[in-house]
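Peer 1: Take a look at start_33.cif, mmCIF, C-alpha atoms:
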```
data_upload
loop_
_atom_site.label_atom_id
_atom_site.label_comp_id
_atom_site.auth_asym_id
_atom_site.auth_seq_id
_atom_site.Cartn_x
_atom_site.Cartn_y
_atom_site.Cartn_z
CA MET A 1 60.71 13.99 -68.27
CA GLY A 2 63.62 15.78 -69.93
CA ARG A 3 65.69 12.62 -69.82
CA LEU A 4 62.84 10.73 -71.36
CA LEU A 5 62.54 13.24 -74.17
CA ARG A 6 66.29 13.12 -74.80
CA LEU A 7 66.15 9.36 -74.88
CA ILE A 8 63.32 9.48 -77.39
CA ILE A 9 65.24 11.90 -79.63
CA ASN A 10 68.58 10.10 -79.32
CA SER A 11 67.14 6.73 -80.16
CA GLY A 12 66.71 7.90 -83.77
CA GLY A 13 62.98 7.53 -83.88
CA LEU A 14 62.88 3.86 -83.02
CA PHE A 15 61.39 4.63 -79.63
CA THR A 16 58.75 6.95 -81.04
CA PHE A 17 58.01 4.51 -83.80
CA ALA A 18 57.60 1.57 -81.43
CA ILE A 19 55.33 3.45 -79.03
CA LEU A 20 53.13 4.99 -81.71
CA GLU A 21 52.91 1.74 -83.67
CA LEU A 22 51.82 -0.09 -80.51
CA VAL A 23 49.23 2.62 -79.89
CA CYS A 24 48.00 2.15 -83.46
CA LEU A 25 47.79 -1.62 -83.09
CA TYR A 26 45.89 -1.15 -79.85
CA LEU A 27 43.46 1.21 -81.55
CA ILE A 28 43.05 -1.13 -84.50
CA VAL A 29 42.29 -4.12 -82.31
CA ASN A 30 39.91 -2.19 -80.12
CA HIS A 31 37.98 -0.22 -82.72
CA ASN A 32 37.77 -2.49 -85.79
CA ASP A 33 35.59 -5.55 -85.70
CA GLY A 34 37.35 -7.66 -88.33
CA GLN A 35 40.80 -7.10 -86.92
CA ARG A 36 39.58 -7.73 -83.39
CA ALA A 37 38.09 -11.07 -84.40
CA ILE A 38 41.34 -12.09 -86.06
CA TRP A 39 43.36 -10.91 -83.07
CA ILE A 40 41.22 -12.85 -80.60
CA GLU A 41 41.42 -15.98 -82.75
CA THR A 42 45.19 -15.64 -83.09
CA LYS A 43 45.59 -14.98 -79.40
CA THR A 44 43.53 -18.05 -78.57
CA VAL A 45 45.42 -20.35 -80.91
CA TYR A 46 48.97 -19.21 -80.23
CA GLY A 47 48.33 -18.08 -76.68
CA SER A 48 47.11 -21.45 -75.52
CA TYR A 49 49.94 -23.16 -77.37
CA LEU A 50 52.46 -20.81 -75.76
CA THR A 51 50.90 -21.18 -72.33
CA GLN A 52 51.03 -24.92 -72.68
CA LYS A 53 54.69 -24.87 -73.67
CA VAL A 54 55.61 -22.47 -70.88
CA ASN A 55 53.72 -24.55 -68.35
CA GLU A 56 55.51 -27.68 -69.51
CA LYS A 57 58.86 -25.95 -69.05
CA LEU A 58 57.96 -24.46 -65.68
CA ALA A 59 56.14 -27.47 -64.29
CA PHE A 60 59.10 -28.49 -62.16
CA LEU A 61 58.90 -25.22 -60.21
CA ASP A 62 55.68 -26.43 -58.71
CA VAL A 63 56.88 -29.91 -57.84
CA ALA A 64 57.82 -29.18 -54.23
CA ARG A 65 54.42 -27.73 -53.44
CA GLU A 66 52.61 -30.44 -55.38
CA ASN A 67 54.62 -33.02 -53.52
CA GLU A 68 53.67 -31.50 -50.19
CA VAL A 69 50.00 -31.52 -51.16
CA LEU A 70 50.19 -35.13 -52.29
CA ARG A 71 52.01 -36.20 -49.15
CA ARG A 72 49.33 -34.61 -46.99
CA GLU A 73 46.70 -36.33 -49.03
CA ASN A 74 48.52 -39.64 -48.67
CA ALA A 75 48.74 -39.15 -44.93
CA ALA A 76 45.03 -38.37 -44.75
CA LEU A 77 44.18 -41.43 -46.83
CA LEU A 78 46.50 -43.71 -44.90
CA ALA A 79 44.89 -42.56 -41.69
CA ARG A 80 41.58 -43.85 -43.02
CA ILE A 81 42.49 -47.38 -43.95
CA PRO A 82 41.38 -49.92 -41.33
CA GLY A 83 44.89 -50.90 -40.26
CA SER A 84 45.68 -47.47 -38.93
CA GLU A 85 42.93 -47.37 -36.39
CA TYR A 86 43.29 -48.40 -32.80
CA ASP A 87 40.47 -50.73 -32.01
CA THR A 88 38.81 -49.50 -28.85
CA THR A 89 36.16 -52.20 -28.66
CA VAL A 90 36.92 -54.58 -25.87
CA ASP A 91 36.42 -58.28 -26.36
CA THR A 92 36.62 -59.94 -23.02
CA THR A 93 34.65 -63.02 -22.33
CA SER A 94 33.62 -64.13 -18.91
CA VAL A 95 30.94 -66.56 -18.01
CA VAL A 96 28.66 -65.83 -15.08
CA ASP A 97 28.09 -69.15 -13.42
CA SER A 98 27.18 -69.67 -9.80
CA ALA A 99 28.89 -73.05 -9.61
CA PHE A 100 32.16 -71.95 -11.12
CA GLN A 101 33.79 -68.69 -10.32
CA GLN A 102 35.63 -67.07 -13.17
CA ARG A 103 39.39 -67.29 -12.76
CA PHE A 104 40.83 -66.44 -16.17
CA THR A 105 39.57 -63.82 -18.58
CA TYR A 106 40.78 -63.45 -22.12
CA LEU A 107 41.31 -60.13 -23.81
CA ALA A 108 41.41 -60.20 -27.59
CA SER A 109 44.26 -58.23 -29.10
CA ARG A 110 45.93 -57.80 -32.43
CA ILE A 111 49.66 -58.09 -32.97
CA VAL A 112 50.75 -54.75 -34.34
CA ASN A 113 54.51 -55.14 -34.32
CA LYS A 114 56.99 -57.99 -34.50
CA SER A 115 60.71 -57.98 -34.10
CA PRO A 116 62.74 -59.46 -36.93
CA TYR A 117 63.34 -63.14 -36.42
CA SER A 118 66.20 -63.72 -33.99
CA PRO A 119 66.86 -65.71 -30.81
CA TYR A 120 65.14 -62.86 -28.95
CA ASN A 121 61.74 -62.55 -30.55
CA THR A 122 59.33 -60.02 -29.16
CA LEU A 123 56.04 -58.62 -30.35
CA ILE A 124 53.74 -55.72 -29.58
CA ILE A 125 50.01 -56.07 -29.08
CA ASP A 126 47.47 -53.27 -29.17
CA ARG A 127 46.21 -53.68 -25.63
CA GLY A 128 47.75 -51.96 -22.63
CA SER A 129 47.30 -50.88 -19.09
CA ASN A 130 44.07 -49.09 -19.97
CA LEU A 131 42.52 -52.53 -20.14
CA GLN A 132 44.31 -53.99 -17.15
CA VAL A 133 47.07 -55.64 -19.11
CA GLU A 134 49.95 -56.14 -16.71
CA ARG A 135 53.47 -57.40 -16.67
CA GLY A 136 53.70 -61.16 -16.38
CA GLN A 137 50.38 -61.98 -17.96
CA GLY A 138 50.39 -64.69 -20.55
CA VAL A 139 49.32 -64.37 -24.15
CA VAL A 140 47.81 -67.31 -25.97
CA THR A 141 46.86 -67.61 -29.59
CA ASP A 142 44.77 -69.91 -31.70
CA GLY A 143 46.01 -73.38 -30.92
CA GLY A 144 48.99 -72.56 -28.76
CA LEU A 145 50.97 -70.15 -26.68
CA LEU A 146 52.37 -66.85 -27.78
CA GLY A 147 54.36 -65.41 -24.90
CA ILE A 148 54.40 -63.35 -21.74
CA ILE A 149 53.80 -59.62 -21.31
CA SER A 150 57.01 -57.83 -20.40
CA GLU A 151 56.34 -54.14 -20.82
CA VAL A 152 53.08 -52.20 -20.70
CA THR A 153 52.10 -48.78 -21.96
CA PRO A 154 48.57 -47.33 -21.73
CA ARG A 155 47.60 -48.65 -25.16
CA HIS A 156 50.15 -51.26 -26.03
CA ALA A 157 52.13 -54.05 -24.46
CA ARG A 158 55.30 -55.88 -25.38
CA VAL A 159 55.21 -59.63 -25.42
CA ILE A 160 58.25 -61.83 -25.00
CA SER A 161 57.52 -64.63 -27.40
CA ILE A 162 57.90 -68.24 -26.34
CA LEU A 163 60.50 -68.23 -29.11
CA HIS A 164 62.82 -66.17 -26.91
CA VAL A 165 65.79 -67.82 -25.25
CA ASP A 166 64.92 -66.21 -21.92
CA THR A 167 61.36 -67.53 -21.81
CA ARG A 168 60.58 -70.03 -19.04
CA ILE A 169 57.13 -71.60 -18.91
CA SER A 170 55.93 -74.39 -16.74
CA ALA A 171 54.75 -77.26 -18.96
CA GLY A 172 53.80 -80.85 -18.23
CA LEU A 173 52.26 -84.05 -19.48
CA ASP A 174 48.81 -85.31 -18.72
CA ASN A 175 50.26 -87.57 -16.01
CA ASN A 176 51.10 -84.42 -14.05
CA ALA A 177 54.84 -84.71 -14.49
CA PHE A 178 56.13 -81.25 -15.32
CA GLY A 179 59.24 -79.37 -16.36
CA THR A 180 60.34 -76.05 -17.72
CA LEU A 181 59.69 -75.12 -21.30
CA ARG A 182 62.42 -73.10 -22.98
CA TRP A 183 63.72 -72.44 -26.47
CA ASP A 184 67.26 -72.98 -27.60
CA GLY A 185 67.07 -70.28 -30.23
CA LYS A 186 67.57 -72.59 -33.21
CA ASP A 187 64.42 -74.13 -34.65
CA PRO A 188 61.26 -72.01 -34.39
CA ARG A 189 59.12 -75.15 -34.69
CA ARG A 190 60.63 -76.99 -31.73
CA VAL A 191 61.02 -76.14 -28.06
CA THR A 192 62.62 -78.07 -25.24
CA ILE A 193 61.27 -79.13 -21.86
CA THR A 194 64.03 -79.44 -19.28
CA ASP A 195 64.01 -80.56 -15.64
CA MET A 196 61.57 -83.35 -16.37
CA PRO A 197 62.36 -86.26 -13.97
CA ASP A 198 63.95 -89.12 -15.93
CA TYR A 199 61.80 -91.82 -14.34
CA VAL A 200 58.65 -90.40 -15.93
CA PRO A 201 57.71 -92.51 -18.91
CA VAL A 202 57.48 -90.41 -22.01
CA ALA A 203 56.42 -91.66 -25.37
CA PRO A 204 56.61 -89.78 -28.66
CA ASN A 205 53.36 -88.02 -29.63
CA ASP A 206 52.46 -87.40 -26.01
CA THR A 207 50.76 -84.04 -25.71
CA VAL A 208 52.37 -81.31 -23.65
CA TYR A 209 50.08 -78.99 -21.68
CA THR A 210 50.50 -75.92 -19.60
CA THR A 211 50.41 -76.63 -15.90
CA GLY A 212 49.12 -73.38 -14.53
CA TYR A 213 51.66 -73.54 -11.71
CA SER A 214 53.22 -70.19 -12.61
CA ASN A 215 49.88 -68.31 -12.60
CA VAL A 216 50.61 -67.16 -16.13
CA PHE A 217 48.60 -69.54 -18.24
CA PRO A 218 45.55 -71.55 -17.33
CA SER A 219 46.21 -75.21 -16.83
CA GLY A 220 45.55 -77.72 -19.55
CA LEU A 221 46.24 -75.62 -22.64
CA PRO A 222 47.93 -77.83 -25.24
CA ILE A 223 51.35 -76.61 -26.31
CA GLY A 224 52.80 -79.27 -28.52
CA ILE A 225 53.62 -82.90 -29.10
CA VAL A 226 56.67 -84.73 -27.78
CA GLU A 227 59.02 -85.68 -30.57
CA SER A 228 61.78 -87.37 -28.62
CA SER A 229 63.15 -87.66 -25.09
CA GLU A 230 66.75 -87.69 -24.04
CA PRO A 231 67.82 -88.58 -20.47
CA LEU A 232 70.65 -86.49 -19.12
CA PRO A 233 73.02 -88.84 -17.25
CA GLY A 234 73.87 -87.82 -13.67
CA THR A 235 71.15 -85.20 -13.25
CA GLY A 236 68.11 -87.37 -12.85
CA SER A 237 66.25 -85.44 -15.46
CA GLN A 238 65.52 -85.74 -19.12
CA ASP A 239 65.04 -83.29 -21.97
CA LEU A 240 62.00 -83.50 -24.19
CA THR A 241 61.96 -82.11 -27.68
CA VAL A 242 58.48 -80.75 -28.34
CA VAL A 243 56.98 -79.81 -31.69
CA LEU A 244 54.79 -76.75 -31.24
CA LEU A 245 51.15 -76.96 -32.29
CA ASN A 246 51.11 -73.44 -33.56
CA ASP A 247 53.55 -71.17 -35.32
CA PRO A 248 54.13 -68.14 -33.07
CA LEU A 249 56.03 -66.36 -35.84
CA THR A 250 52.98 -66.10 -38.08
CA ALA A 251 50.38 -65.39 -35.43
CA SER A 252 48.32 -62.25 -35.92
CA ASN A 253 45.99 -62.40 -32.96
CA GLY A 254 46.63 -62.95 -29.28
CA TYR A 255 44.45 -63.32 -26.21
CA VAL A 256 45.84 -61.80 -23.08
CA VAL A 257 45.16 -64.11 -20.18
CA ARG A 258 44.26 -62.36 -16.99
CA ASP A 259 44.40 -64.42 -13.84
CA LEU A 260 41.89 -62.95 -11.40
CA PHE A 261 43.41 -64.97 -8.53
CA LYS A 262 46.97 -63.99 -9.21
CA GLU A 263 47.31 -61.56 -6.31
CA GLU A 264 45.87 -64.05 -3.89
CA LEU A 265 48.18 -66.82 -5.02
CA GLU A 266 51.22 -64.53 -4.94
CA ARG A 267 50.34 -63.52 -1.38
CA LEU A 268 50.40 -67.15 -0.40
CA ASN A 269 53.83 -67.55 -1.96
CA LEU A 270 55.13 -64.63 0.07
CA VAL A 271 54.40 -66.37 3.34
CA ARG A 272 57.53 -68.06 4.73
CA MET B 1 63.84 23.58 -91.72
CA ASN B 2 63.07 27.03 -92.92
CA THR B 3 59.83 28.89 -92.49
CA ALA B 4 58.55 28.36 -96.03
CA ALA B 5 58.98 24.61 -95.73
CA ALA B 6 57.21 24.61 -92.37
CA ILE B 7 54.28 26.55 -93.71
CA ASN B 8 54.11 24.42 -96.84
CA SER B 9 54.10 21.27 -94.72
CA ALA B 10 51.35 22.62 -92.50
CA VAL B 11 49.25 23.50 -95.51
CA ARG B 12 49.89 20.07 -97.04
CA PHE B 13 48.89 18.43 -93.75
CA VAL B 14 45.46 20.04 -93.77
CA ALA B 15 44.93 19.90 -97.52
CA LEU B 16 45.88 16.25 -97.93
CA LEU B 17 43.76 15.31 -94.92
CA ILE B 18 40.71 17.00 -96.41
CA VAL B 19 41.32 15.73 -99.94
CA GLN B 20 41.90 12.18 -98.81
CA VAL B 21 38.87 12.10 -96.56
CA PHE B 22 36.36 13.86 -98.76
CA VAL B 23 37.49 12.90 -102.25
CA PHE B 24 39.69 9.86 -102.48
CA ASN B 25 38.13 7.85 -99.66
CA GLN B 26 35.00 7.80 -101.86
CA VAL B 27 36.99 6.15 -104.64
CA ALA B 28 37.06 2.41 -104.25
CA TRP B 29 36.69 -0.20 -106.90
CA GLY B 30 36.45 -3.94 -106.67
CA TRP B 31 34.38 -6.98 -107.48
CA GLY B 32 32.47 -9.63 -105.64
CA GLY B 33 31.40 -7.18 -102.95
CA ARG B 34 34.94 -6.40 -101.95
CA ASP B 35 37.10 -3.41 -102.76
CA TYR B 36 40.53 -3.94 -104.23
CA LEU B 37 41.47 -0.51 -105.55
CA PHE B 38 42.06 2.39 -103.21
CA VAL B 39 43.64 5.79 -103.82
CA PHE B 40 46.01 7.13 -101.18
CA VAL B 41 47.45 10.61 -101.54
CA TYR B 42 48.37 11.47 -97.94
CA PRO B 43 51.73 9.61 -97.97
CA LEU B 44 52.78 12.59 -100.06
CA PHE B 45 52.89 14.60 -96.83
CA VAL B 46 55.51 12.28 -95.34
CA ALA B 47 57.44 12.19 -98.58
CA MET B 48 57.55 15.98 -98.93
CA LEU B 49 58.74 16.76 -95.38
CA PRO B 50 62.20 18.41 -95.46
CA LEU B 51 65.05 15.86 -95.52
CA ARG B 52 66.62 17.14 -92.27
CA THR B 53 63.46 16.82 -90.22
CA PRO B 54 64.24 14.80 -87.07
CA ARG B 55 62.95 11.26 -87.38
CA PRO B 56 60.77 11.36 -84.19
CA VAL B 57 59.09 14.51 -85.48
CA VAL B 58 58.33 12.87 -88.82
CA ILE B 59 56.88 9.87 -87.04
CA LEU B 60 54.82 11.99 -84.67
CA LEU B 61 53.41 14.16 -87.50
CA SER B 62 52.53 11.11 -89.57
CA PHE B 63 50.82 9.59 -86.57
CA LEU B 64 48.70 12.71 -86.17
CA LEU B 65 47.82 12.82 -89.86
CA GLY B 66 46.96 9.12 -89.94
CA LEU B 67 44.84 9.48 -86.84
CA GLY B 68 43.03 12.45 -88.40
CA ILE B 69 42.17 10.42 -91.50
CA ASP B 70 41.15 7.48 -89.32
CA PHE B 71 38.69 9.63 -87.42
CA PHE B 72 36.82 10.37 -90.61
CA SER B 73 37.15 6.89 -92.09
CA GLU B 74 35.98 4.96 -89.01
CA THR B 75 39.08 2.81 -89.19
CA LEU B 76 40.76 3.96 -86.00
CA GLY B 77 44.50 3.19 -86.01
CA LEU B 78 44.66 1.72 -89.49
CA HIS B 79 45.92 4.70 -91.51
CA ALA B 80 47.92 5.90 -88.52
CA GLY B 81 49.72 2.59 -88.06
CA ALA B 82 50.60 2.33 -91.75
CA LEU B 83 51.77 5.93 -91.99
CA VAL B 84 53.85 5.66 -88.80
CA PHE B 85 55.64 2.69 -90.34
CA THR B 86 56.15 4.59 -93.59
CA ALA B 87 57.57 7.53 -91.68
CA TYR B 88 59.93 5.25 -89.84
CA ALA B 89 61.02 3.65 -93.12
CA ARG B 90 61.50 7.01 -94.88
CA PRO B 91 65.24 7.42 -94.03
CA LEU B 92 65.89 3.88 -95.27
CA ILE B 93 64.09 4.64 -98.54
CA LEU B 94 66.06 7.87 -98.83
CA GLN B 95 69.25 5.87 -98.42
CA LEU B 96 68.09 3.43 -101.08
CA VAL B 97 67.50 6.13 -103.71
CA GLN B 98 70.45 8.28 -102.64
CA PRO B 99 72.19 10.12 -105.56
CA ARG B 100 75.83 9.13 -106.18
CA ASP B 101 77.18 12.22 -104.39
CA GLY B 102 74.72 12.17 -101.49
CA TYR B 103 72.08 14.72 -100.58
CA ASN B 104 72.87 18.39 -100.64
CA ILE B 105 72.43 19.95 -97.20
CA LYS B 106 69.85 22.40 -98.54
CA ALA B 107 68.14 19.87 -100.81
CA GLN B 108 64.38 19.46 -100.55
CA PRO B 109 62.59 16.30 -101.73
CA THR B 110 61.26 18.06 -104.81
CA VAL B 111 61.48 17.69 -108.56
CA ALA B 112 63.35 20.98 -108.75
CA ASP B 113 66.11 19.88 -106.35
CA LEU B 114 66.62 16.20 -107.09
CA GLY B 115 65.12 15.61 -110.51
CA SER B 116 61.96 13.93 -111.76
CA SER B 117 63.37 10.40 -112.06
CA TRP B 118 64.61 10.47 -108.46
CA MET B 119 61.22 11.83 -107.40
CA LEU B 120 59.37 9.02 -109.19
CA ARG B 121 61.46 6.27 -107.63
CA TYR B 122 61.21 7.86 -104.19
CA LEU B 123 57.45 8.29 -104.30
CA ALA B 124 57.00 4.78 -105.71
CA LEU B 125 58.94 3.21 -102.84
CA ILE B 126 57.11 5.30 -100.24
CA LEU B 127 53.75 4.34 -101.72
CA ILE B 128 54.58 0.65 -102.05
CA VAL B 129 55.74 0.46 -98.45
CA HIS B 130 52.71 2.34 -97.25
CA LEU B 131 50.25 0.28 -99.27
CA LEU B 132 51.75 -3.03 -98.21
CA VAL B 133 51.68 -2.12 -94.53
CA PHE B 134 48.22 -0.62 -94.80
CA PHE B 135 46.71 -3.69 -96.44
CA LEU B 136 48.56 -5.94 -94.03
CA LEU B 137 46.97 -4.05 -91.14
CA GLN B 138 43.63 -4.04 -92.93
CA THR B 139 43.51 -7.79 -93.40
CA PHE B 140 45.44 -8.21 -90.17
CA SER B 141 46.77 -11.61 -91.10
CA ILE B 142 49.60 -12.87 -93.29
CA PHE B 143 47.23 -15.65 -94.38
CA PHE B 144 45.59 -13.13 -96.74
CA PHE B 145 48.87 -12.68 -98.56
CA THR B 146 47.33 -12.87 -102.04
CA ASP B 147 44.72 -10.27 -101.04
CA ILE B 148 47.43 -7.95 -99.79
CA VAL B 149 49.48 -8.25 -102.97
CA LEU B 150 46.44 -7.92 -105.22
CA LYS B 151 45.23 -4.80 -103.45
CA THR B 152 48.71 -3.29 -103.57
CA LEU B 153 49.12 -4.07 -107.26
CA LEU B 154 45.78 -2.44 -108.08
CA SER B 155 46.05 0.53 -105.74
CA PHE B 156 49.63 1.41 -106.45
CA PRO B 157 49.21 2.65 -110.08
CA ALA B 158 46.10 4.62 -109.21
CA SER B 159 47.65 6.28 -106.17
CA MET B 160 50.88 6.92 -108.05
CA LEU B 161 48.97 8.55 -110.91
CA VAL B 162 47.09 10.86 -108.58
CA VAL B 163 50.19 11.79 -106.59
CA VAL B 164 52.22 12.55 -109.72
CA ILE B 165 49.37 14.65 -111.09
CA LEU B 166 49.19 16.58 -107.81
CA ILE B 167 52.94 17.22 -107.92
CA LEU B 168 52.76 18.34 -111.53
CA ILE B 169 49.90 20.70 -110.78
CA PHE B 170 51.34 22.34 -107.68
CA ASN B 171 55.04 21.75 -108.33
CA PRO B 172 56.09 22.74 -104.81
CA LYS B 173 59.49 24.30 -104.27
CA ALA B 174 59.78 23.30 -100.61
#
```
Let me see whether you can do it: turn the structure in this file into structure tokens.
Peer 2:
Amino acid sequence: MGRLLRLIINSGGLFTFAILELVCLYLIVNHNDGQRAIWIETKTVYGSYLTQKVNEKLAFLDVARENEVLRRENAALLARIPGSEYDTTVDTTSVVDSAFQQRFTYLASRIVNKSPYSPYNTLIIDRGSNLQVERGQGVVTDGGLLGIISEVTPRHARVISILHVDTRISAGLDNNAFGTLRWDGKDPRRVTITDMPDYVPVAPNDTVYTTGYSNVFPSGLPIGIVESSEPLPGTGSQDLTVVLLNDPLTASNGYVVRDLFKEELERLNLVR
Amino acid sequence: MNTAAAINSAVRFVALLIVQVFVFNQVAWGWGGRDYLFVFVYPLFVAMLPLRTPRPVVILLSFLLGLGIDFFSETLGLHAGALVFTAYARPLILQLVQPRDGYNIKAQPTVADLGSSWMLRYLALILIVHLLVFFLLQTFSIFFFTDIVLKTLLSFPASMLVVVILILIFNPKA
């Protein structure tokens, strides 16, 4: 208190003046109607202007928090658009018929992931082991083949596309001659059938079908159309260049083919 | 500050408070429903305080006097605010009207000590400052600048006349 008094005296009256003048202004504003009205008006006009200016200058201080809020909102909104949902409805078709027993069932799936185009194309579909998707099952698409399941997780599966240089699929003509379908990694519209015996007559525009011999695809699914044939001298076989019916690179849907007889047929193959 | 000056100041404090409140606050003249002419005598108290009075004391006393007048005038803070400013400005005014050889240590702000022409200039400056600040606080906005000047121009001669008459009548020595 003594220090305060000394400060007040040493400041040459400025301190006393400032305090008492502020007290007076406070009293004036609080006890005189006209002055109060003017003060409130002034405060409103300049106060809002000042607040606006200060807020403009300080707006960046809030950016981090605002950003966080907006990112959360974005995440919440993104989670609600249809593409972010995992479709749990199961579309399998099987026909109950006493004359024909069901061998293949088809499980509708969407392609959710594709590797960039390369000689080793793979894709991911949104069906997995929860729905009995297994390694080695084939995947067909509208008007053609898509690939073969290679890896399975509970909800997803990886498909090795037929446009993968390691893919081997049994394919044949309607005269039952057959060979191995593979891709040379160059033209995504054309595949090659190797190991086709060279005595089999092949004409351009012959249709190539799956044979069903590998228990991956049902028999008789059209794959493509023969473009040209080239006998390989000394091997007794010929290579067929086949134009695919579909474009596996742009496919968006796939049907996982499940062979209900697969185990039985594999057991037969195990017998020596 | 000697005892006579202290007593004189105390007497002036009470007397000017009563005179201002009960006589000169009743004097107001104007037109169009508004008053433009007021008579203020209480700045005389601040003017007549001994020259060596510490500045905070001057300010504090003027605050009390102004507040006292405000209580009776129902204008709480108005007279006090103006008089506090006047008290704060008093040393500056004293510097402005300083005689060529400065103030004598024992000099009192009276006609006897510093002469009538000095007294007139000093009182005029004190009154002008006080009136300007008072009317500024009364209108409370610089937008009423013409009002402030008009009121000051009308009130200043009247107040000056009354103050000079009071000084001539009582002719205080301290």
Peer 1: Record the distance separating CA of Ser48 in chain A and CA of Arg36 in chain A, expressed in Å with one decimal.
Peer 2: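 Between CA of Ser48 in chain A and CA of Arg36 in chain A the gap is 17.5 Å.
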Peer 1: Name the closest residue to Ala108 in chain A among the candidates A:Thr44, A:Leu22, A:Leu77, A:Asp142; distances are taken between atoms, counting all atoms listed in the file.
Peer 2: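 Result for the nearest residue to Ala108 in chain A: A:Asp142.
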Peer 1: Give me, as an MDAnalysis selection string, the contact residues of chain B against chain A at a cut-off of 6 Å, counting only C-alpha atoms.
Peer 2: chainID B and resid 55:56 76:78 81 140
Peer 1: Quick one: residues within 7 Å of (50.6, 7.1, -86.5) (file frame), counting only C-alpha atoms, please, as a PyMOL selection string.
Peer 2: (chain A and resi 20-21+24) or (chain B and resi 59-60+62-64+66-67+80-81+83-84)
Peer 1: Skipping near chain neighbours, those fewer than 4 positions away, what residues fall within 7 Å of range 29-42 of chain B using all atoms listed in the file, listed as a tab-separated table (two decimals) with C-alpha atoms, keeping the file's coordinate frame?
Peer 2:
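Dumped everything to out.tsv:
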```tsv
chain	number	residue	atom	x	y	z
B	16	LEU	CA	45.88	16.25	-97.93
B	17	LEU	CA	43.76	15.31	-94.92
B	20	GLN	CA	41.90	12.18	-98.81
B	24	PHE	CA	39.69	9.86	-102.48
B	151	LYS	CA	45.23	-4.80	-103.45
B	154	LEU	CA	45.78	-2.44	-108.08
B	155	SER	CA	46.05	0.53	-105.74
B	158	ALA	CA	46.10	4.62	-109.21
B	159	SER	CA	47.65	6.28	-106.17
B	163	VAL	CA	50.19	11.79	-106.59
```
Peer 1: Would you mind telling me which residue in A:Val200, A:Leu270, A:Leu181, A:Ile19 lies nearest to Val242 in chain A when using all atoms listed in the file?
Peer 2: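 The answer is A:Leu181, which sits nearest to Val242 in chain A.
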Peer 1: Can you tell me how far CA of Gln52 in chain A sits from CA of Asn67 in chain A, in Å to one decimal?
Peer 2: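 For CA of Gln52 in chain A relative to CA of Asn67 in chain A, the distance reads 21.1 Å.
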Peer 1: In Å to one decimal, how far is CA of Asp198 in chain A from CA of Ile162 in chain A?
Peer 2: 24.1 Å
Peer 1: The PyMOL selection byres ((chain B and resi 47) around 8) on the file shown: which residues, as a ChimeraX atom specification?
Peer 2: /B:43-46,48-49,90,109,123,126
Peer 1: What does the file look like for those residues with C-alpha atoms, as a PDB file, in the frame of the given file?
Peer 2:
```pdb
ATOM      1  CA  PRO B  43      51.730   9.610 -97.970  1.00  0.00           C
ATOM      2  CA  LEU B  44      52.780  12.590-100.060  1.00  0.00           C
ATOM      3  CA  PHE B  45      52.890  14.600 -96.830  1.00  0.00           C
ATOM      4  CA  VAL B  46      55.510  12.280 -95.340  1.00  0.00           C
ATOM      5  CA  MET B  48      57.550  15.980 -98.930  1.00  0.00           C
ATOM      6  CA  LEU B  49      58.740  16.760 -95.380  1.00  0.00           C
ATOM      7  CA  ARG B  90      61.500   7.010 -94.880  1.00  0.00           C
ATOM      8  CA  PRO B 109      62.590  16.300-101.730  1.00  0.00           C
ATOM      9  CA  LEU B 123      57.450   8.290-104.300  1.00  0.00           C
ATOM     10  CA  ILE B 126      57.110   5.300-100.240  1.00  0.00           C
TER      11      ILE B 126
END
```
Peer 1: Report the residues retrieved by the PyMOL selection byres ((chain A and resi 255) around 9) from the displayed file, expressed as number ranges by chain.
Peer 2: A: 106-110, 138-142, 146, 253-254, 256-257
Peer 1: Measuring atom to atom with only C-alpha atoms, identify which of B:Val133, B:Ile148, B:Val97, B:Leu127 is nearest to Met160 in chain B.
Peer 2: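 Counting only C-alpha atoms, the residue closest to Met160 in chain B is B:Leu127.
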